[in-house]
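All remarks here apply to the structure that follows.
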Amino acid sequence: MVNISEASVNDIIAIRNIAYQTWPKVYADIITQAQITYMLDLFYSESALLESIINKKHEFLLVKEQNVAIGFAGFEHGFLQEKVTRLHKLYLLPAAHGKGLGKLLLKAVAAKSKENFSTIMSLNVNKYNPTIAFYKKMGFEIVGEEKLAIGNDYFMDDYKMELKLT
């Protein structure tokens, strides 16, 4: 049985484990192993996740199968003080890909977005990430490009995508 629930600081280890199992497979052909390690430490250390949840007020949803966390989404309402929900993270364990769980998570985030009066859901995705096709299928459109320096001479070379919420 699959269910989606709100995550708390008590779920940081589960979120971290999913990221650490997923990133090396998802990004192996896109960025170097050194950059993967750097970004995992930057975004998924216990302190980074606590900062996201407690100080930045990011919310997380977990998707669980038989009570085991197999994916998560992290998002923020009121992004840039606008009626925008920013999807910062959405990852599933590789074994969970292709089961419709990403779609389920995205729909749950969209529902939370509407509850918080967002009119747009936005995200950034690496220009070479095959997940772009998934987001397009879900109704997102590419609205721009962004190259962000993240330290250590690394960059995120992304498309900016948006979904209009109705």
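Letters for chains follow the order of the structure tokens (A, B, ...), residue numbers begin at 1 for each chain, and ligand numbers begin at 1 in the order shown.
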
Pick out each residue of range 36-126 of chain A that DSSP on the backbone tags as strand (DSSP E); I need them as a VMD selection string. chain A and resid 59 to 65 68 to 76 84 to 92 120 to 126

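With distances restricted to only C-alpha atoms, A:Asp158 is the closest residue to Asn124 in chain A from A:Asn152, A:Asp158, A:Ala110, A:Met138.
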
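Residues lying within 12 Å of Val2 in chain A, counting only C-alpha atoms and ignoring same-chain neighbours fewer than 4 positions away, are Leu62, Val63, Lys64, Glu65, Gln66, Asn67, Val68, Ala69, Ile70, Gly71, Ala96, Lys99, Gly100, Leu101, Leu104 and Leu105 of chain A.
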
So that I have them on file, write out the residues from the current selection with C-alpha atoms, as a compact mmCIF listing (two decimals), in the first residue's frame.
# COMPACT_ATOMS: atom_id res chain seq x y z
CA LEU A 62 7.07 11.47 1.95
CA VAL A 63 5.71 8.74 -0.24
CA LYS A 64 5.79 5.41 1.56
CA GLU A 65 5.19 1.90 0.39
CA GLN A 66 4.32 -0.53 3.18
CA ASN A 67 5.44 2.12 5.70
CA VAL A 68 8.91 2.50 4.14
CA ALA A 69 9.85 5.91 2.71
CA ILE A 70 10.70 5.56 -0.98
CA GLY A 71 10.44 9.15 -2.15
CA ALA A 96 10.29 3.15 -7.40
CA LYS A 99 5.17 3.34 -10.88
CA GLY A 100 3.35 6.69 -11.10
CA LEU A 101 4.61 7.79 -7.68
CA LEU A 104 1.23 11.21 -7.18
CA LEU A 105 3.76 13.32 -5.25

Which residue is closest to Ser47 in chain A? Choose from A:Ile12, A:Glu6, A:Tyr159, A:Asp153 and count only C-alpha atoms. A:Ile12

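Note that CA of Gly144 in chain A and CA of Thr119 in chain A are 18.2 Å apart.
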
Set the distance at 12 Å and use only C-alpha atoms: which residues neighbour Val26 in chain A once local chain neighbours fewer than 6 positions away are removed? I'd like the list as a list of chain:residue names. A:Ile18, A:Ala19, A:Tyr20, A:Thr32, A:Gln33, A:Ile36, A:Leu90, A:Tyr91, A:Leu92, A:Leu93, A:Pro94, A:Ala95, A:His97, A:Asn126, A:Tyr128, A:Asn129, A:Pro130, A:Thr131
